[in-house]
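Worksheet: the structure to be examined is printed underneath.
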Amino acid sequence: MSAELDLWIQGAPRPARGSERFANTNPATGELISEVARARAEDVADAVSAAKAALPAWRSTSVAERADILDAIADGIEADLDGFAEAESRDTGKPISLARSIDIPRAIANFRFFAGAVRHDETGFHRMDHAINYTLRKPLGVVGLITPWNLPLYLLTWKTAPALAMGNTLVAKPSELTPSTASRMAEVMKGAGLPDGVFNIVHGFGAECGEALVSHDDVSAISFTGGTQTGARVAATAAPRFKKLSLELGGKNSTLVFADVDLDEAVQGAVRAGFTNQGQVCLCGSRVLIERPIYEAFRERFIAGVRAMEVGDPRDPATRIGSLVSADHRSKVESYIALAREEGGHILTGGARPALPAPLDRGAFLEPTVVDGLAPDCRTSTEEIFGPVVTLHPFDTEEEAIAIANGTQYGLAASVWTRDLERAHRVSAQLDTGMVWVNTWLMRDLRVPFGGVKASGVGREGGKYSLGFFSESVNICVKLGGDR
Ligand code: TXE
């Protein structure tokens, strides 16, 4: 049941100028989902022109008008929640239950949240003796959004909503592996009254489509979420053109478990942190550091928790672990399992492809895998695997746990499990990450700063941070009289 999926430019679907297409397949079955228009630089230029032409009218709309449209988009996605969830699960291989309970509800929440945030936004005011200053926030202009395949609509809407709220016009480049829900959303946006040209989509590959967007002179800013190496390339292209840049990149996040925890709660939290979305979330806790007195008890329960997760058909509501995003990505993850063996690791569970009935036997499935016995500074323990592979490491002191957690090039997130309040604060403050959870994982308030340090990125998203990124702050200083 394959279809054609087009670019979305000037409020309408359209093939690429060169008429080329690429296949979008379901990674759980290998089945063709759609033939997708393959944009190159000339198509990107068309999309940027459409966004540029739409800018003067869109930036002059009132905040109330824009917020109402964001709410209407949220309503439109909600009315088709099942359709969106099915499309997301089919493109990514993730369990439908996850798409229904997390991905699509968050996409809806992103629009509602930023509609509210911009309605209630305040700008700066600085009083001097004989003057006042106020901060005017202007849209940046045409903004490029480049997003990955792990949480396709969730992350695209996380950027789209605040960017539209601040009056920018957009060209989005979703991942070539997961194009469907972006296009479905474009139709909803049209129905919600978003003027043509304000939101455009170019489908295609990084080197020929993403790069053309980053280097286009009429694109003022790029908001990118993806791999660290790609982020470095995007930064190198954007920097000499003085584009504003937000980079949300990879992570190798630690879950620190101290001996005073409620063991069952900590195990449950660590399993969820390690394997949600097949371990393909930049925030996943892929290395678990456990205080030695509870190491063995924790390990035993952790393995039992991992084995209890149902691996299989993403369409089955009972499935906890679906397919990885592609066969290529599975090969990358498997190469790390081989590396773990070479580096002296013991595979405690998993490590192989599960035996599943047709057509799932052609899918990119991999058993959830737990490894221990590795040095905390070896490659498997410090590089981002981005799959269902978690390493376990014992530690003896708080200082050692912090040193291991900080011993990677990444600095995105961590979670700390302890009932000692003072230790929770002390350890959290010493972790070199942008975010720390205590006795929980991935609990999100959309107002808080979201982002990483070191190789995990540059900048923060969320609430006022997103509104700040997607606008230019201009100070207006007004003299009030007097002689200065
Ligand atoms: O993502 P890419 P890939 C990590 C994860 C994964 C690795 C590589 O470790 O194994 O990155 O994944 C577009 N100019 N994360 O290669 O390439 C691309 O088309 C402009 C973590 O699949 O980074 C897609 O739309 N754009 C991450 C987007 O960049 C370019 C989520 C992200 O894809 C481009 C995904 C270029 N030169 C992977 N090259 C997270 N932080 O959550 C590619 N793109």
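Naming works like this for the structure tokens: A, B, ... for the chains as they're shown, residue 1 at the start of each chain, ligands 1 onward in shown order.
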
| query | Which polymer residues have any atom within 10 Å of an atom of Gly481 of chain A, counting only C-alpha atoms, with same-chain residues fewer than 6 positions away left out, as a ChimeraX atom specification? | reply | /A:129-131

Select from chain A every residue with an atom at most 8 Å from any atom of ligand 1, then for each give the shortest pair of atoms and their distance in Å to one decimal, using only C-alpha atoms and all ligand atoms, rows by chain and rising number, as a tab-separated table.
```
residue	atom	partner	partner_atom_place_in_ligand_line	distance
A:Ile146	CA	ligand 1	25 (O)	5.2
A:Thr147	CA	ligand 1	25 (O)	4.7
A:Pro148	CA	ligand 1	32 (C)	4.1
A:Trp149	CA	ligand 1	35 (C)	6.0
A:Asn150	CA	ligand 1	31 (C)	5.8
A:Leu151	CA	ligand 1	42 (O)	7.7
A:Lys173	CA	ligand 1	25 (O)	5.8
A:Pro174	CA	ligand 1	25 (O)	4.9
A:Ser175	CA	ligand 1	25 (O)	3.4
A:Glu176	CA	ligand 1	19 (O)	5.7
A:Leu177	CA	ligand 1	22 (O)	8.0
A:Gly204	CA	ligand 1	19 (O)	6.8
A:Phe205	CA	ligand 1	19 (O)	4.8
A:Gly206	CA	ligand 1	39 (N)	3.4
A:Ala207	CA	ligand 1	37 (N)	4.6
A:Glu208	CA	ligand 1	37 (N)	7.8
A:Cys209	CA	ligand 1	20 (C)	7.1
A:Gly210	CA	ligand 1	20 (C)	3.6
A:Glu211	CA	ligand 1	14 (N)	3.8
A:Ala212	CA	ligand 1	14 (N)	7.5
A:Leu213	CA	ligand 1	20 (C)	7.2
A:Val214	CA	ligand 1	20 (C)	6.2
A:Phe224	CA	ligand 1	29 (O)	7.2
A:Thr225	CA	ligand 1	41 (N)	5.2
A:Gly226	CA	ligand 1	27 (C)	3.7
A:Gly227	CA	ligand 1	11 (O)	3.0
A:Thr228	CA	ligand 1	11 (O)	6.2
A:Gln229	CA	ligand 1	23 (O)	6.9
A:Thr230	CA	ligand 1	23 (O)	4.7
A:Gly231	CA	ligand 1	23 (O)	6.6
A:Arg233	CA	ligand 1	37 (N)	5.8
A:Val234	CA	ligand 1	14 (N)	5.3
A:Glu248	CA	ligand 1	41 (N)	5.5
A:Leu249	CA	ligand 1	41 (N)	3.9
A:Gly250	CA	ligand 1	41 (N)	4.2
A:Gly251	CA	ligand 1	41 (N)	7.1
A:Gln280	CA	ligand 1	42 (O)	7.4
A:Val281	CA	ligand 1	42 (O)	5.5
A:Cys282	CA	ligand 1	42 (O)	4.1
A:Leu283	CA	ligand 1	42 (O)	7.6
A:His329	CA	ligand 1	10 (O)	6.6
A:Lys332	CA	ligand 1	10 (O)	7.3
A:Glu384	CA	ligand 1	9 (O)	5.2
A:Ile385	CA	ligand 1	9 (O)	5.7
A:Phe386	CA	ligand 1	9 (O)	4.9
A:Ser456	CA	ligand 1	41 (N)	7.6
```

| Between atom CA of Ala117 of chain A and atom CA of Gly463 of chain A, what is the distance, to one decimal in Å? | 6.7 Å

| said: So, with only C-alpha atoms as the atoms that count, which of A:Val171, A:Ile303, A:Ala403, A:Leu55 lies closest to Ile9 of chain A? | reply: A:Val171

| task | Please identify all polymer residues within 12 Å of Ala28 of chain A, counting only C-alpha atoms, omitting same-chain residues fewer than 4 positions from it, and present them as a PyMOL selection string. | result | chain A and resi 32-33+89-96+311-315+321-327+330+356-366

Give one line per residue of segment 14-67 of chain A that approaches segment 185-195 of chain A to at most 9 Å, naming the two atoms of the closest pair and their distance in Å to one decimal, counting only C-alpha atoms; sort by chain then ascending residue number and deliver it as a tab-separated table.
```
residue	atom	partner	partner_atom	distance
A:Ala54	CA	A:Pro195	CA	7.8
A:Ala57	CA	A:Pro195	CA	9.0
A:Trp58	CA	A:Pro195	CA	7.7
A:Arg66	CA	A:Leu194	CA	8.6
```

| A:Glu31, A:Asp46, A:Glu343, A:Asp420 ranked by distance to Asp262 of chain A, top pick (using only C-alpha atoms) |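 The answer is A:Asp420, which sits nearest to Asp262 of chain A.
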